[in-house]
>>> print(open('structure.csv').read())   # CSV, C-alpha atoms and all ligand atoms
chain,number,residue,atom,x,y,z
Y,25,MET,CA,-7.0,-11.6,-15.7
Y,26,LYS,CA,-4.5,-10.8,-12.9
Y,27,ARG,CA,-5.8,-10.4,-9.4
Y,28,ILE,CA,-4.1,-7.6,-7.4
Y,29,GLN,CA,-4.9,-6.8,-3.8
Y,30,ILE,CA,-4.3,-3.2,-2.6
Y,31,ILE,CA,-4.0,-2.8,1.1
Y,32,ASN,CA,-3.9,0.5,2.9
Y,33,GLY,CA,-3.0,0.8,6.6
Y,34,PRO,CA,-3.7,3.3,9.4
Y,35,ASN,CA,-5.1,6.7,8.7
Y,36,LEU,CA,-5.3,6.1,5.0
Y,37,ASN,CA,-9.1,5.9,5.2
Y,38,LEU,CA,-8.8,9.7,5.8
Y,39,LEU,CA,-7.2,10.4,2.4
Y,40,GLY,CA,-8.6,13.6,1.0
Y,41,LYS,CA,-9.1,15.1,4.4
Y,42,ARG,CA,-5.9,14.2,6.1
Y,43,GLU,CA,-3.0,16.7,5.7
Y,44,PRO,CA,-3.9,17.5,2.1
Y,45,GLY,CA,-0.6,19.4,1.6
Y,46,VAL,CA,1.2,16.0,2.1
Y,47,TYR,CA,-1.4,13.4,0.9
Y,48,GLY,CA,-3.5,15.4,-1.6
Y,49,SER,CA,-7.2,16.1,-1.6
Y,50,GLN,CA,-8.6,13.1,-3.3
Y,51,SER,CA,-10.3,10.2,-1.4
Y,52,PHE,CA,-8.9,6.7,-2.1
Y,53,ASP,CA,-12.4,5.5,-3.1
Y,54,GLU,CA,-12.4,8.1,-5.9
Y,55,TYR,CA,-8.9,7.3,-7.0
Y,56,LEU,CA,-9.7,3.5,-7.0
Y,57,THR,CA,-12.3,4.2,-9.7
Y,58,THR,CA,-9.5,5.8,-11.8
Y,59,LEU,CA,-7.2,2.8,-11.2
Y,60,LYS,CA,-9.8,0.3,-12.2
Y,61,ALA,CA,-10.3,2.3,-15.5
Y,62,ILE,CA,-6.6,2.4,-16.2
Y,63,PHE,CA,-6.2,-1.4,-15.6
Y,64,PRO,CA,-9.4,-3.0,-17.0
Y,65,GLN,CA,-7.4,-6.3,-17.4
Y,66,MET,CA,-6.8,-6.6,-13.7
Y,67,THR,CA,-9.2,-7.5,-10.9
Y,68,ILE,CA,-8.3,-5.0,-8.2
Y,69,ASP,CA,-9.4,-5.8,-4.6
Y,70,TYR,CA,-9.2,-3.1,-2.0
Y,71,PHE,CA,-8.8,-3.4,1.8
Y,72,GLN,CA,-8.1,-0.7,4.4
Y,73,SER,CA,-7.6,-1.1,8.2
Y,74,ASN,CA,-6.3,0.9,11.0
Y,75,SER,CA,-5.4,-2.3,12.9
Y,76,GLU,CA,-2.0,-4.1,12.5
Y,77,GLY,CA,-3.6,-7.6,13.0
Y,78,GLU,CA,-6.3,-7.0,10.4
Y,79,LEU,CA,-3.6,-6.0,7.9
Y,80,ILE,CA,-1.7,-9.2,8.6
Y,81,ASP,CA,-4.8,-11.3,8.2
Y,82,ARG,CA,-5.4,-9.8,4.8
Y,83,ILE,CA,-1.8,-10.2,3.7
Y,84,GLN,CA,-2.1,-13.9,4.7
Y,85,GLU,CA,-5.4,-14.3,2.9
Y,86,ALA,CA,-4.5,-12.5,-0.3
Y,87,GLY,CA,-0.9,-13.7,-0.3
Y,88,PHE,CA,-1.9,-17.2,-1.5
Y,89,VAL,CA,-4.6,-16.3,-4.0
Y,90,ALA,CA,-3.6,-12.9,-5.5
Y,91,ASP,CA,-0.9,-12.4,-8.2
Y,92,GLY,CA,0.4,-9.4,-6.3
Y,93,ILE,CA,-0.1,-7.1,-3.3
Y,94,VAL,CA,0.3,-3.3,-3.3
Y,95,LEU,CA,0.8,-2.3,0.3
Y,96,ASN,CA,0.8,1.1,1.9
Y,97,ALA,CA,1.3,0.1,5.6
Y,98,GLY,CA,1.3,3.8,6.7
Y,99,ALA,CA,3.1,4.3,10.0
Y,100,TYR,CA,3.4,0.5,10.5
Y,101,THR,CA,6.0,0.6,7.8
Y,102,HIS,CA,8.4,2.1,10.4
Y,103,THR,CA,7.5,-0.1,13.3
Y,104,SER,CA,6.1,-3.5,12.3
Y,105,ILE,CA,8.2,-6.6,12.3
Y,106,ALA,CA,5.0,-8.6,12.3
Y,107,ILE,CA,3.9,-7.2,9.0
Y,108,ALA,CA,7.4,-7.8,7.6
Y,109,ASP,CA,7.1,-11.5,8.7
Y,110,ALA,CA,3.7,-11.8,7.1
Y,111,ILE,CA,5.1,-10.5,3.8
Y,112,ARG,CA,7.9,-13.0,4.1
Y,113,ALA,CA,5.5,-15.8,4.7
Y,114,VAL,CA,3.3,-15.4,1.7
Y,115,GLN,CA,3.8,-16.4,-2.0
Y,116,ALA,CA,2.5,-13.2,-3.7
Y,117,PRO,CA,5.1,-10.5,-4.4
Y,118,VAL,CA,4.4,-7.3,-2.4
Y,119,ILE,CA,5.2,-3.8,-3.6
Y,120,GLU,CA,5.6,-1.2,-0.8
Y,121,VAL,CA,4.0,2.1,-1.7
Y,122,HIS,CA,4.1,5.5,-0.1
Y,123,ILE,CA,2.2,8.6,-1.3
Y,124,SER,CA,4.7,11.0,0.2
Y,125,ASN,CA,8.5,10.9,-0.3
Y,126,VAL,CA,9.3,9.4,3.1
Y,127,PHE,CA,13.0,10.2,2.7
Y,128,SER,CA,12.3,14.0,2.5
Y,129,ARG,CA,10.4,13.9,5.8
Y,130,GLU,CA,11.2,13.2,9.5
Y,131,SER,CA,14.1,10.8,10.1
Y,132,PHE,CA,11.8,8.2,11.7
Y,133,ARG,CA,10.2,7.7,8.3
Y,134,HIS,CA,13.5,6.9,6.6
Y,135,HIS,CA,13.6,3.3,8.0
Y,136,SER,CA,11.2,0.7,6.7
Y,137,TYR,CA,10.9,-2.8,8.2
Y,138,LEU,CA,9.1,-3.8,4.9
Y,139,SER,CA,11.4,-2.7,2.1
Y,140,ALA,CA,13.8,-5.6,2.5
Y,141,VAL,CA,11.1,-8.2,2.2
Y,142,CYS,CA,9.1,-6.5,-0.6
Y,143,LYS,CA,9.8,-6.9,-4.3
Y,144,GLY,CA,10.3,-3.1,-4.6
Y,145,SER,CA,9.3,0.2,-3.1
Y,146,ILE,CA,7.7,3.3,-4.6
Y,147,SER,CA,7.6,6.5,-2.7
Y,148,GLY,CA,6.8,10.2,-3.4
Y,149,PHE,CA,4.6,10.2,-6.5
Y,150,GLY,CA,1.4,11.1,-4.7
Y,151,LEU,CA,-1.5,8.7,-5.4
Y,152,ASP,CA,0.2,7.9,-8.7
Y,153,SER,CA,2.6,5.7,-6.6
Y,154,TYR,CA,-0.2,3.1,-6.6
Y,155,ARG,CA,-0.6,3.3,-10.4
Y,156,LEU,CA,3.2,2.8,-10.8
Y,157,ALA,CA,3.0,-0.2,-8.5
Y,158,LEU,CA,0.1,-1.8,-10.4
Y,159,ALA,CA,1.9,-1.2,-13.7
Y,160,SER,CA,4.8,-3.4,-12.4
Y,161,PHE,CA,2.3,-6.3,-12.4
Y,162,GLU,CA,1.2,-5.8,-16.0
T,201,LIG,C1,2.8,7.0,4.2
T,201,LIG,C2,4.1,7.6,4.9
T,201,LIG,C3,4.1,7.1,6.4
T,201,LIG,O1,5.3,7.6,7.0
T,201,LIG,C4,2.9,7.7,7.1
T,201,LIG,O2,3.0,7.2,8.4
T,201,LIG,C5,1.7,7.3,6.5
T,201,LIG,C6,1.6,7.4,5.0
T,201,LIG,C7,2.7,7.6,2.8
T,201,LIG,O3,1.9,7.0,2.1
T,201,LIG,O4,3.3,8.6,2.4
T,201,LIG,O5,0.7,7.1,7.1
T,201,LIG,O6,2.9,5.6,4.2
>>> encode(input="structure.csv", output="structure tokens", more="lines below")
Ligand code: DQA
Amino acid sequence: MKRIQIINGPNLNLLGKREPGVYGSQSFDEYLTTLKAIFPQMTIDYFQSNSEGELIDRIQEAGFVADGIVLNAGAYTHTSIAIADAIRAVQAPVIEVHISNVFSRESFRHHSYLSAVCKGSISGFGLDSYRLALASFE
């Protein structure tokens, strides 16, 4: 049984309510039920925080016990050297995920501090981006 940690960053607790034209109308809790049904052979842990430090704490904790981390760091993707350093520090491979296609949006979303230290990046498939990331750990 593989253990995968999903980590969502700031404002992703508002999925379903937040800019539905960009992020869809489904809450993450609802989608998580679907993900768990698609991957019954995985133990999927979920954590969300709006705080950079709490995201780093969870990357450090999961990074030495999980088989992989699926991380949507939200806007911290574009600002956080500290999260990049945390990813670099842990053993578990990290997949960077974005719901929207960040490259078709504002130019400040085109740069990620995380991409270079992640195993790979998935962007633009809506919530299905998370499924694609989990499938890479199968
Ligand atoms: C996001 C894209 C980021 O630019 C944005 O700040 C988010 C969500 C996405 O999933 O598309 O909060 O990571």
>>> closest_atom_pairs(input="structure.csv", of="segment 84-161 of chain Y", to="segment 38-59 of chain Y", cutoff="7 Å", atoms="all atoms listed in the file", output="Markdown table")
| residue | atom | partner | partner_atom | distance |
| --- | --- | --- | --- | --- |
| Y:Ile123 | CA | Y:Tyr47 | CA | 6.4 |
| Y:Ser124 | CA | Y:Val46 | CA | 6.4 |
| Y:Gly150 | CA | Y:Tyr47 | CA | 6.7 |
| Y:Arg155 | CA | Y:Leu59 | CA | 6.7 |
>>> closest_residue(input="structure.csv", among="Y:Gly98, Y:Gly87, Y:Pro34, Y:Pro117", to="Tyr137 of chain Y", atoms="only C-alpha atoms")
Y:Gly98
>>> residues_near_ligand(input="structure.csv", ligand="ligand LIG 201 (chain T)", cutoff="10 Å", atoms="only C-alpha atoms and all ligand atoms", output="PDB file with C-alpha atoms, in the frame of the given file")
ATOM      1  CA  ASN Y  32      -3.900   0.500   2.900  1.00  0.00           C
ATOM      2  CA  GLY Y  33      -3.000   0.800   6.600  1.00  0.00           C
ATOM      3  CA  PRO Y  34      -3.700   3.300   9.400  1.00  0.00           C
ATOM      4  CA  ASN Y  35      -5.100   6.700   8.700  1.00  0.00           C
ATOM      5  CA  LEU Y  36      -5.300   6.100   5.000  1.00  0.00           C
ATOM      6  CA  LEU Y  38      -8.800   9.700   5.800  1.00  0.00           C
ATOM      7  CA  LEU Y  39      -7.200  10.400   2.400  1.00  0.00           C
ATOM      8  CA  ARG Y  42      -5.900  14.200   6.100  1.00  0.00           C
ATOM      9  CA  VAL Y  46       1.200  16.000   2.100  1.00  0.00           C
ATOM     10  CA  TYR Y  47      -1.400  13.400   0.900  1.00  0.00           C
ATOM     11  CA  LEU Y  95       0.800  -2.300   0.300  1.00  0.00           C
ATOM     12  CA  ASN Y  96       0.800   1.100   1.900  1.00  0.00           C
ATOM     13  CA  ALA Y  97       1.300   0.100   5.600  1.00  0.00           C
ATOM     14  CA  GLY Y  98       1.300   3.800   6.700  1.00  0.00           C
ATOM     15  CA  ALA Y  99       3.100   4.300  10.000  1.00  0.00           C
ATOM     16  CA  TYR Y 100       3.400   0.500  10.500  1.00  0.00           C
ATOM     17  CA  THR Y 101       6.000   0.600   7.800  1.00  0.00           C
ATOM     18  CA  HIS Y 102       8.400   2.100  10.400  1.00  0.00           C
ATOM     19  CA  THR Y 103       7.500  -0.100  13.300  1.00  0.00           C
ATOM     20  CA  GLU Y 120       5.600  -1.200  -0.800  1.00  0.00           C
ATOM     21  CA  VAL Y 121       4.000   2.100  -1.700  1.00  0.00           C
ATOM     22  CA  HIS Y 122       4.100   5.500  -0.100  1.00  0.00           C
ATOM     23  CA  ILE Y 123       2.200   8.600  -1.300  1.00  0.00           C
ATOM     24  CA  SER Y 124       4.700  11.000   0.200  1.00  0.00           C
ATOM     25  CA  ASN Y 125       8.500  10.900  -0.300  1.00  0.00           C
ATOM     26  CA  VAL Y 126       9.300   9.400   3.100  1.00  0.00           C
ATOM     27  CA  PHE Y 127      13.000  10.200   2.700  1.00  0.00           C
ATOM     28  CA  ARG Y 129      10.400  13.900   5.800  1.00  0.00           C
ATOM     29  CA  GLU Y 130      11.200  13.200   9.500  1.00  0.00           C
ATOM     30  CA  SER Y 131      14.100  10.800  10.100  1.00  0.00           C
ATOM     31  CA  PHE Y 132      11.800   8.200  11.700  1.00  0.00           C
ATOM     32  CA  ARG Y 133      10.200   7.700   8.300  1.00  0.00           C
ATOM     33  CA  HIS Y 134      13.500   6.900   6.600  1.00  0.00           C
ATOM     34  CA  HIS Y 135      13.600   3.300   8.000  1.00  0.00           C
ATOM     35  CA  SER Y 136      11.200   0.700   6.700  1.00  0.00           C
ATOM     36  CA  ILE Y 146       7.700   3.300  -4.600  1.00  0.00           C
ATOM     37  CA  SER Y 147       7.600   6.500  -2.700  1.00  0.00           C
ATOM     38  CA  GLY Y 148       6.800  10.200  -3.400  1.00  0.00           C
ATOM     39  CA  PHE Y 149       4.600  10.200  -6.500  1.00  0.00           C
ATOM     40  CA  GLY Y 150       1.400  11.100  -4.700  1.00  0.00           C
ATOM     41  CA  LEU Y 151      -1.500   8.700  -5.400  1.00  0.00           C
ATOM     42  CA  SER Y 153       2.600   5.700  -6.600  1.00  0.00           C
ATOM     43  CA  TYR Y 154      -0.200   3.100  -6.600  1.00  0.00           C
TER      44      TYR Y 154
END
>>> residues_around(input="structure.csv", residues="Glu162 of chain Y", least_positions_apart="3", cutoff="12 Å", atoms="only C-alpha atoms", output="list in words")
Met25, Lys26, Arg27, Ile28, Ile62, Phe63, Pro64, Gln65, Met66, Thr67, Asp91, Gly92, Arg155, Leu156, Ala157, Leu158 and Ala159 of chain Y
>>> closest_residue(input="structure.csv", among="Y:Gln29, Y:Ser73, Y:Gln84, Y:Ser160", to="Gln115 of chain Y", atoms="only C-alpha atoms")
Y:Gln84
>>> atom_distance(input="structure.csv", atom1="atom CA of Arg112 of chain Y", atom2="atom CA of Phe88 of chain Y")
12.0 Å
>>> atom_distance(input="structure.csv", atom1="atom CA of Tyr70 of chain Y", atom2="atom CA of Val118 of chain Y")
14.2 Å
>>> residues_around(input="structure.csv", residues="Ala113 of chain Y", least_positions_apart="2", cutoff="12 Å", atoms="all atoms listed in the file", output="ChimeraX atom specification")
/Y:80-81,83-88,106-111,115-118,141-142
>>> atom_distance(input="structure.csv", atom1="atom CA of Gly77 of chain Y", atom2="atom CA of Phe161 of chain Y")
26.1 Å
>>> axis_aligned_box(input="structure.csv", around="segment 143-153 of chain Y", padding_each_side="6 Å", output="lines of an AutoDock Vina configuration file")
center_x = 4.4
center_y = 2.1
center_z = -5.7
size_x = 23.8
size_y = 30.0
size_z = 18.0
>>> closest_residue(input="structure.csv", among="Y:Ile119, Y:Asn74, Y:Asp152, Y:Ile31", to="Ala140 of chain Y", atoms="all atoms listed in the file")
Y:Ile119
>>> build_atoms(input="structure.csv", residues="segment 30-41 of chain Y", atoms="all heavy atoms", output="CSV table (one decimal), in the frame of the given file")
chain,number,residue,atom,x,y,z
Y,30,ILE,N,-4.9,-4.4,-3.2
Y,30,ILE,CA,-4.3,-3.2,-2.6
Y,30,ILE,C,-4.7,-3.2,-1.2
Y,30,ILE,O,-5.9,-3.4,-0.8
Y,30,ILE,CB,-4.9,-1.9,-3.3
Y,30,ILE,CG1,-4.5,-1.9,-4.8
Y,30,ILE,CG2,-4.3,-0.7,-2.6
Y,30,ILE,CD1,-5.1,-0.7,-5.6
Y,31,ILE,N,-3.7,-2.9,-0.3
Y,31,ILE,CA,-4.0,-2.8,1.1
Y,31,ILE,C,-3.4,-1.5,1.7
Y,31,ILE,O,-2.3,-1.2,1.5
Y,31,ILE,CB,-3.2,-4.0,1.9
Y,31,ILE,CG1,-3.7,-5.4,1.4
Y,31,ILE,CG2,-3.5,-3.9,3.4
Y,31,ILE,CD1,-3.0,-6.6,2.0
Y,32,ASN,N,-4.3,-0.8,2.3
Y,32,ASN,CA,-3.9,0.5,2.9
Y,32,ASN,C,-4.0,0.4,4.4
Y,32,ASN,O,-5.0,-0.2,5.0
Y,32,ASN,CB,-4.8,1.6,2.5
Y,32,ASN,CG,-4.3,2.3,1.2
Y,32,ASN,OD1,-3.2,2.2,0.8
Y,32,ASN,ND2,-5.2,3.1,0.6
Y,33,GLY,N,-3.0,0.9,5.1
Y,33,GLY,CA,-3.0,0.8,6.6
Y,33,GLY,C,-3.5,2.0,7.3
Y,33,GLY,O,-4.4,2.8,6.7
Y,34,PRO,N,-3.1,2.3,8.5
Y,34,PRO,CA,-3.7,3.3,9.4
Y,34,PRO,C,-3.8,4.7,8.8
Y,34,PRO,O,-2.8,5.1,8.2
Y,34,PRO,CB,-2.9,3.2,10.7
Y,34,PRO,CG,-1.6,2.5,10.3
Y,34,PRO,CD,-2.0,1.6,9.1
Y,35,ASN,N,-4.9,5.3,9.0
Y,35,ASN,CA,-5.1,6.7,8.7
Y,35,ASN,C,-5.3,7.0,7.2
Y,35,ASN,O,-5.6,8.1,6.8
Y,35,ASN,CB,-4.1,7.6,9.3
Y,35,ASN,CG,-4.0,7.5,10.8
Y,35,ASN,OD1,-5.0,7.6,11.5
Y,35,ASN,ND2,-2.8,7.2,11.3
Y,36,LEU,N,-5.1,5.9,6.4
Y,36,LEU,CA,-5.3,6.1,5.0
Y,36,LEU,C,-6.7,6.1,4.5
Y,36,LEU,O,-7.1,6.5,3.4
Y,36,LEU,CB,-4.4,5.1,4.2
Y,36,LEU,CG,-2.9,5.3,4.4
Y,36,LEU,CD1,-2.1,4.1,3.9
Y,36,LEU,CD2,-2.5,6.6,3.7
Y,37,ASN,N,-7.7,5.8,5.5
Y,37,ASN,CA,-9.1,5.9,5.2
Y,37,ASN,C,-9.4,7.4,5.2
Y,37,ASN,O,-10.5,7.8,4.7
Y,37,ASN,CB,-9.9,5.2,6.3
Y,37,ASN,CG,-9.5,5.6,7.7
Y,37,ASN,OD1,-8.3,5.7,8.0
Y,37,ASN,ND2,-10.5,5.9,8.6
Y,38,LEU,N,-8.5,8.3,5.7
Y,38,LEU,CA,-8.8,9.7,5.8
Y,38,LEU,C,-8.2,10.5,4.6
Y,38,LEU,O,-8.2,11.7,4.5
Y,38,LEU,CB,-8.2,10.3,7.0
Y,38,LEU,CG,-8.9,9.8,8.3
Y,38,LEU,CD1,-8.3,10.5,9.5
Y,38,LEU,CD2,-10.4,10.1,8.3
Y,39,LEU,N,-7.7,9.7,3.5
Y,39,LEU,CA,-7.2,10.4,2.4
Y,39,LEU,C,-8.2,11.4,1.8
Y,39,LEU,O,-9.4,11.0,1.6
Y,39,LEU,CB,-6.7,9.4,1.3
Y,39,LEU,CG,-5.4,8.7,1.6
Y,39,LEU,CD1,-5.1,7.6,0.5
Y,39,LEU,CD2,-4.3,9.7,1.7
Y,40,GLY,N,-7.7,12.6,1.5
Y,40,GLY,CA,-8.6,13.6,1.0
Y,40,GLY,C,-8.9,14.6,2.1
Y,40,GLY,O,-9.1,15.8,1.8
Y,41,LYS,N,-8.9,14.1,3.3
Y,41,LYS,CA,-9.1,15.1,4.4
Y,41,LYS,C,-7.9,15.2,5.3
Y,41,LYS,O,-7.7,16.2,5.9
Y,41,LYS,CB,-10.2,14.4,5.4
Y,41,LYS,CG,-11.6,14.3,4.8
Y,41,LYS,CD,-12.5,13.7,5.8
Y,41,LYS,CE,-13.7,13.2,5.2
Y,41,LYS,NZ,-14.3,12.0,5.9
